[in-house]
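Here is the file protein_29.cif (mmCIF, C-alpha atoms).
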```
data_coords
loop_
_atom_site.label_atom_id
_atom_site.label_comp_id
_atom_site.auth_asym_id
_atom_site.auth_seq_id
_atom_site.Cartn_x
_atom_site.Cartn_y
_atom_site.Cartn_z
CA ARG A 1 -21.57 -23.49 19.27
CA ASN A 2 -23.58 -26.56 20.28
CA GLU A 3 -21.97 -26.50 23.73
CA GLU A 4 -23.41 -23.03 24.26
CA ARG A 5 -26.82 -24.16 23.03
CA LYS A 6 -26.72 -27.12 25.41
CA LYS A 7 -26.06 -24.84 28.38
CA LYS A 8 -29.07 -22.75 27.37
CA GLY A 9 -31.26 -25.86 27.10
CA LEU A 10 -31.57 -25.60 23.34
CA LYS A 11 -31.48 -28.42 20.82
CA LYS A 12 -28.28 -29.31 19.03
CA GLU A 13 -27.82 -27.70 15.61
CA SER A 14 -26.99 -30.06 12.76
CA VAL A 15 -26.53 -27.37 10.14
CA VAL A 16 -22.96 -26.21 9.64
CA ARG A 17 -22.76 -22.43 9.39
CA ARG A 18 -20.40 -21.03 6.81
CA GLU A 19 -19.08 -17.65 7.81
CA LYS A 20 -16.56 -15.43 6.05
CA VAL A 21 -13.30 -15.54 8.02
CA VAL A 22 -10.72 -14.19 5.62
CA VAL A 23 -10.31 -13.78 1.87
CA LEU A 24 -6.87 -14.55 0.48
CA THR A 25 -5.67 -13.52 -2.94
CA LYS A 26 -2.32 -13.76 -4.65
CA GLY A 27 -1.27 -10.46 -3.09
CA THR A 28 -2.62 -11.10 0.42
CA LEU A 29 -1.25 -14.53 1.30
CA ASN A 30 -0.10 -14.63 4.92
CA ASP A 31 -0.14 -18.30 5.85
CA ALA A 32 3.31 -19.74 6.58
CA GLY A 33 2.60 -22.93 4.66
CA MET A 34 1.45 -21.06 1.59
CA LEU A 35 4.47 -18.77 1.70
CA ALA A 36 7.01 -21.60 2.06
CA THR A 37 7.34 -21.98 -1.69
CA ALA A 38 7.73 -18.19 -2.21
CA PRO A 39 9.94 -16.71 0.51
CA GLU A 40 10.26 -13.32 -1.20
CA ALA A 41 7.72 -10.64 -0.39
CA SER A 42 4.49 -10.80 -2.39
CA TYR A 43 3.32 -7.23 -2.54
CA LEU A 44 -0.19 -5.98 -3.06
CA MET A 45 0.20 -2.54 -4.63
CA CYS A 46 -2.35 0.21 -5.02
CA LEU A 47 -1.58 2.99 -7.50
CA VAL A 48 -3.29 6.32 -8.14
CA GLU A 49 -2.51 8.99 -10.70
CA LEU A 50 -3.55 12.60 -10.21
CA PRO A 51 -3.17 15.30 -12.85
CA VAL A 52 -0.81 18.25 -12.55
CA PRO A 53 -2.11 21.65 -13.80
CA THR A 54 -1.09 22.16 -17.42
CA THR A 55 -0.61 25.92 -17.02
CA THR A 56 2.61 26.09 -15.08
CA ASN A 57 6.04 27.61 -15.54
CA ASN A 58 7.64 25.24 -13.05
CA ASP A 59 10.10 22.90 -14.78
CA ASN A 60 9.69 20.45 -11.91
CA VAL A 61 6.13 19.61 -12.91
CA THR A 62 6.50 19.51 -16.69
CA SER A 63 8.43 17.39 -19.13
CA GLU A 64 9.50 18.40 -22.62
CA MET A 65 8.13 16.23 -25.41
CA GLY A 66 9.50 17.43 -28.73
CA GLU A 67 10.47 20.89 -29.80
CA GLY A 68 8.49 23.59 -28.01
CA VAL A 69 5.90 21.14 -26.65
CA MET A 70 5.49 20.90 -22.90
CA ARG A 71 3.54 18.01 -21.44
CA PRO A 72 2.48 17.91 -17.79
CA LYS A 73 3.79 15.26 -15.50
CA VAL A 74 1.45 13.34 -13.21
CA TRP A 75 1.37 12.74 -9.50
CA VAL A 76 1.66 9.04 -8.72
CA GLY A 77 0.60 7.77 -5.30
CA MET A 78 1.57 4.30 -4.15
CA CYS A 79 0.79 2.00 -1.26
CA ALA A 80 2.36 -1.47 -1.24
CA VAL A 81 1.61 -4.09 1.40
CA ASP A 82 3.33 -7.35 2.28
CA ALA A 83 0.48 -9.02 4.16
CA ALA A 84 2.75 -11.73 5.57
CA THR A 85 4.91 -9.30 7.56
CA GLY A 86 2.59 -6.29 7.79
CA GLN A 87 5.06 -4.06 5.98
CA VAL A 88 3.42 -1.04 4.33
CA LEU A 89 5.41 1.07 1.86
CA LEU A 90 4.04 4.51 1.05
CA GLY A 91 5.08 7.20 -1.39
CA GLN A 92 4.12 9.72 -4.01
CA TRP A 93 6.14 11.41 -6.71
CA LEU A 94 5.97 13.49 -9.85
CA ASP A 95 6.45 11.23 -12.84
CA ASP A 96 7.23 11.87 -16.48
CA ASP A 97 5.34 10.76 -19.57
CA SER A 98 7.33 7.52 -19.70
CA ARG A 99 6.47 6.79 -16.04
CA THR A 100 10.15 6.38 -15.16
CA GLN A 101 9.64 6.41 -11.39
CA LEU A 102 6.70 4.02 -11.66
CA ARG A 103 8.91 1.65 -13.64
CA ASN A 104 11.50 1.86 -10.85
CA ALA A 105 8.88 1.08 -8.20
CA LEU A 106 7.48 -1.90 -10.10
CA THR A 107 10.94 -3.28 -10.84
CA ALA A 108 12.02 -2.95 -7.22
CA LEU A 109 8.90 -4.40 -5.58
CA GLN A 110 7.54 -6.73 -8.29
CA PRO A 111 3.98 -6.71 -6.92
CA VAL A 112 1.90 -9.80 -7.68
CA GLU A 113 -1.39 -7.93 -7.45
CA VAL A 114 -2.24 -4.33 -8.39
CA VAL A 115 -5.33 -2.35 -7.40
CA LEU A 116 -6.35 0.70 -9.43
CA ALA A 117 -9.11 3.29 -9.14
CA ARG A 118 -11.20 3.53 -12.27
CA GLY A 119 -10.42 6.84 -13.93
CA ARG A 120 -7.30 7.40 -11.82
CA ALA A 121 -4.89 5.25 -13.83
CA SER A 122 -3.86 6.21 -17.35
CA ASN A 123 -3.35 3.86 -20.27
CA PRO A 124 0.43 4.53 -20.23
CA ALA A 125 0.54 3.46 -16.58
CA LYS A 126 -1.47 0.30 -17.28
CA LYS A 127 0.83 -0.51 -20.18
CA VAL A 128 3.87 -0.17 -17.93
CA ILE A 129 2.26 -2.39 -15.28
CA ARG A 130 1.45 -5.20 -17.69
CA GLY A 131 4.75 -4.83 -19.51
CA LEU A 132 7.03 -5.03 -16.48
CA LEU A 133 5.23 -7.54 -14.26
CA ARG A 134 4.88 -11.25 -14.85
CA ASP A 135 1.21 -12.25 -15.07
CA PRO A 136 0.02 -9.64 -12.58
CA ILE A 137 -3.50 -9.65 -11.18
CA VAL A 138 -4.86 -6.17 -11.93
CA ASN A 139 -8.10 -5.12 -10.22
CA GLU A 140 -9.85 -1.87 -11.05
CA TYR A 141 -12.63 -0.50 -8.83
CA GLU A 142 -14.82 2.57 -8.67
CA LEU A 143 -13.45 5.31 -6.45
CA GLY A 144 -15.75 5.64 -3.45
CA SER A 145 -16.82 1.98 -3.49
CA ASP A 146 -16.30 -0.53 -0.69
CA ARG A 147 -13.23 -1.73 -2.58
CA PHE A 148 -11.65 1.72 -2.97
CA TRP A 149 -12.23 4.36 -0.31
CA THR A 150 -12.09 8.07 -0.98
CA VAL A 151 -9.60 10.18 0.98
CA ASP A 152 -12.45 11.46 3.17
CA THR A 153 -13.49 7.91 4.01
CA LEU A 154 -9.87 7.02 4.76
CA LEU A 155 -9.46 9.95 7.14
CA GLU A 156 -12.70 8.99 8.87
CA LYS A 157 -11.69 5.35 9.39
CA LEU A 158 -7.94 5.72 10.00
CA PRO A 159 -8.05 6.72 13.71
CA SER A 160 -10.16 3.67 14.60
CA TYR A 161 -7.24 1.34 13.83
CA PHE A 162 -5.24 2.87 16.69
CA GLU A 163 -7.92 3.49 19.33
CA ASP A 164 -6.70 0.63 21.52
CA ASP A 165 -3.03 1.42 20.97
CA ASP A 166 -1.06 1.92 24.20
CA SER A 167 1.85 3.73 22.52
CA SER A 168 2.57 7.37 23.40
CA SER A 169 1.74 8.48 19.87
CA SER A 170 -1.26 6.45 18.74
CA MET A 171 -0.92 7.18 15.02
CA PRO A 172 2.46 6.40 13.40
CA ALA A 173 4.35 9.45 12.14
CA VAL A 174 4.08 8.52 8.46
CA LEU A 175 0.29 8.30 8.66
CA ASP A 176 0.04 11.33 10.91
CA GLY A 177 1.86 13.35 8.25
CA ILE A 178 -0.63 12.28 5.60
CA VAL A 179 -3.56 13.30 7.78
CA LYS A 180 -2.10 16.70 8.60
CA ASP A 181 -1.44 17.55 4.95
CA LYS A 182 -4.12 15.65 3.04
CA ASN A 183 -4.06 18.12 0.16
CA GLY A 184 -0.31 17.98 -0.29
CA ASN A 185 -0.38 14.20 0.00
CA ALA A 186 -3.56 13.59 -2.00
CA ALA A 187 -2.04 10.94 -4.28
CA VAL A 188 -0.56 8.73 -1.56
CA ALA A 189 -3.63 9.23 0.66
CA SER A 190 -5.84 8.01 -2.17
CA ALA A 191 -3.59 4.99 -2.74
CA LEU A 192 -3.67 4.16 0.97
CA GLY A 193 -7.47 4.42 0.93
CA GLY A 194 -7.65 1.98 -1.93
CA CYS A 195 -5.27 -0.46 -0.30
CA LEU A 196 -7.02 -0.38 3.08
CA ALA A 197 -10.44 -0.81 1.48
CA TYR A 198 -9.19 -3.87 -0.41
CA LEU A 199 -7.63 -5.34 2.74
CA ASN A 200 -10.80 -4.55 4.70
CA ASP A 201 -12.86 -6.51 2.19
CA GLY A 202 -10.55 -9.46 2.75
CA MET A 203 -10.65 -8.96 6.54
CA LEU A 204 -6.90 -8.36 6.71
CA ASP A 205 -6.78 -4.61 7.35
CA LYS A 206 -6.66 -4.77 11.16
CA GLN A 207 -3.90 -7.36 11.10
CA VAL A 208 -1.73 -5.27 8.79
CA MET A 209 -2.36 -2.00 10.62
CA ALA A 210 -1.62 -3.59 13.99
CA ALA A 211 1.91 -4.41 12.81
CA ARG A 212 2.63 -0.65 12.58
CA ARG A 213 5.32 -1.19 9.94
CA PHE A 214 4.94 1.92 7.84
CA GLU A 215 7.90 2.99 5.71
CA LEU A 216 8.61 5.40 2.89
CA VAL A 217 9.42 3.76 -0.42
CA SER A 218 11.81 6.63 -1.11
CA GLU A 219 13.92 5.60 1.89
CA ALA A 220 13.59 1.84 1.42
CA TYR A 221 14.14 1.72 -2.34
CA GLY A 222 14.99 5.25 -3.46
CA VAL A 223 11.84 5.48 -5.57
CA GLY A 224 10.57 9.04 -5.87
CA SER A 225 13.43 10.44 -3.81
CA SER A 226 14.58 12.72 -6.62
CA SER A 227 11.17 14.32 -7.23
CA ASN A 228 10.29 17.67 -5.73
CA GLY A 229 6.86 16.72 -4.48
CA HIS A 230 5.47 16.83 -0.96
CA HIS A 231 7.03 14.56 1.62
CA HIS A 232 4.74 13.34 4.35
CA HIS A 233 7.35 12.30 6.89
CA ASN A 234 10.34 14.07 8.38
CA LYS A 235 12.85 11.46 9.39
CA ASN A 236 14.85 14.02 11.37
CA ASN A 237 11.97 14.66 13.74
CA SER A 238 13.20 12.87 16.83
CA SER A 239 9.93 13.39 18.66
CA SER A 240 7.96 11.16 16.30
CA LYS A 241 8.07 7.42 15.79
CA ASN A 242 6.41 5.54 12.98
CA THR A 243 6.40 2.08 14.54
CA ASP A 244 6.40 0.25 17.82
CA GLY A 245 9.56 -1.57 16.75
CA VAL A 246 13.16 -0.42 17.06
CA ASP A 247 13.77 2.77 15.11
CA ASP A 248 16.80 2.88 12.85
CA ASN A 249 18.39 6.00 11.39
CA SER A 250 16.09 6.00 8.37
CA GLY A 251 12.91 6.16 10.41
CA GLY A 252 11.97 2.55 9.67
CA VAL A 253 12.16 -0.54 11.87
CA THR A 254 14.94 -2.99 12.46
CA PRO A 255 13.92 -6.05 10.44
CA ASP A 256 13.82 -9.53 11.95
CA ASN A 257 15.67 -12.51 10.44
CA GLU A 258 12.77 -13.47 8.20
CA ASP A 259 12.52 -9.94 6.83
CA ILE A 260 16.26 -9.88 6.14
CA LYS A 261 16.02 -13.14 4.20
CA ARG A 262 13.16 -11.82 2.11
CA LEU A 263 14.90 -8.50 1.49
CA LEU A 264 18.09 -10.22 0.36
CA ALA A 265 16.12 -12.56 -1.88
CA ASN A 266 14.42 -9.57 -3.51
CA LYS A 267 17.72 -7.70 -4.00
CA VAL A 268 19.39 -10.74 -5.61
CA LYS A 269 16.37 -11.38 -7.84
CA HIS A 270 16.23 -7.79 -9.09
CA MET A 271 19.95 -7.81 -9.91
CA PHE A 272 19.21 -10.29 -12.70
CA LEU A 273 15.99 -8.76 -14.02
#
```
Give the structure from this file in structure tokens form.
Amino acid sequence: RNEERKKKGLKKESVVRREKVVVLTKGTLNDAGMLATAPEASYLMCLVELPVPTTTNNDNVTSEMGEGVMRPKVWVGMCAVDAATGQVLLGQWLDDDSRTQLRNALTALQPVEVVLARGRASNPAKKVIRGLLRDPIVNEYELGSDRFWTVDTLLEKLPSYFEDDDSSSSMPAVLDGIVKDKNGNAAVASALGGCLAYLNDGMLDKQVMAARRFELVSEAYGVGSSSNGHHHHNKNNSSSKNTDGVDDNSGGVTPDNEDIKRLLANKVKHMFL
């Protein structure tokens, strides 16, 4: 900075400016040195619960709790990010009162940090989170704040991440599906909004989005694959691609050696949980 001031004939500045460069938390570590002691993925996970109408005759959206008593299930939307590799896992599903699918997701991914929207996460869900995870960092923010975007804010900001993209389809297929059916994918869209807002506050959102590594958690881990909810990506659509990497048969990307190591480490760890 002083070199520039010298060229302009200005005096040298002796005060050191402190500017925000990046904010790292337990769930957003991306420095190689910091990650050396923890080679497995450290996921930041955003979760959102949306109610299902109680007046329904559809067995797919209700669960029986006791004789003659029908309790509604909930929609659960999830966005999990591994900031070190840029991997983004997305999904939504209908869950039961015991949050069986949520338990599966938490067990499979073991996030180290969880972001919730105030009023969009039930006490049963919070109990499951704290019961299954080891000392998780749980942050809860107001929906519509700078730390948790609304779906409308997400849809407004999403295209800007791909404006300078030279690919034939600027927005990855998984995200494009969410945008085209925002009502059917309200839960996962809300979770993505929360996750992006949190990453944006830490100045990591552009880095993660640039990696274009968007995958469905149902395909990667089988979570939510048995529910009859909306699916925001058709893996049989050969005209769409969700990444700039090499597409495999599941619509994801071919992982590099580091990703394979981390995936294997996760699989082995979860076998003994």
Contact residues around stretch 120-126 of chain A with all atoms listed in the file at 8 Å, ignoring same-chain residues under 4 positions, as number ranges by chain: A: 47-50, 97-99, 102, 116, 130
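In this structure, atom CA of A:Glu163 sits 17.8 Å away from atom CA of A:Gly177.
Take the candidates A:Ile178, A:Val114, A:Leu204, A:Leu106 and check each one against A:Val128 using all atoms listed in the file; the shortest distance goes to A:Leu106.
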Expected selection from the PyMOL selection byres ((chain A and resi 136) around 10), given as a PyMOL selection string: chain A and resi 26-27+110-114+129-135+137-139
The PyMOL selection byres ((chain A and resi 182-184) around 12) resolved against shown file, as JSON, numbers by chain: {"A": [50, 75, 77, 92, 93, 150, 151, 152, 154, 155, 175, 176, 177, 178, 179, 180, 181, 185, 186, 187, 188, 189, 190, 192, 193, 228, 229, 230, 231, 232, 233]}
Output of the PyMOL selection byres ((chain A and resi 148) around 9), listed as a ChimeraX atom specification: /A:115-117,141-147,149-150,190-191,193-198
Computed interatomic separation between atom CA of A:Tyr221 and atom CA of A:Leu199 (Å):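 Atom-to-atom, atom CA of A:Tyr221 and atom CA of A:Leu199 are spaced 23.4 Å apart.
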Interatomic distance (Å, one decimal) between atom CA of A:Leu94 and atom CA of A:Val74: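 Computing it gives 5.6 Å between the two atoms.
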Spatial sel., origin (1.2, 0.7, 14.3), limit 6 Å, only C-alpha atoms, listed as a list of chain:residue names: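 Those residues, ordered by chain and then number, are A:Pro172, A:Met209, A:Ala210, A:Ala211, A:Arg212, A:Thr243.
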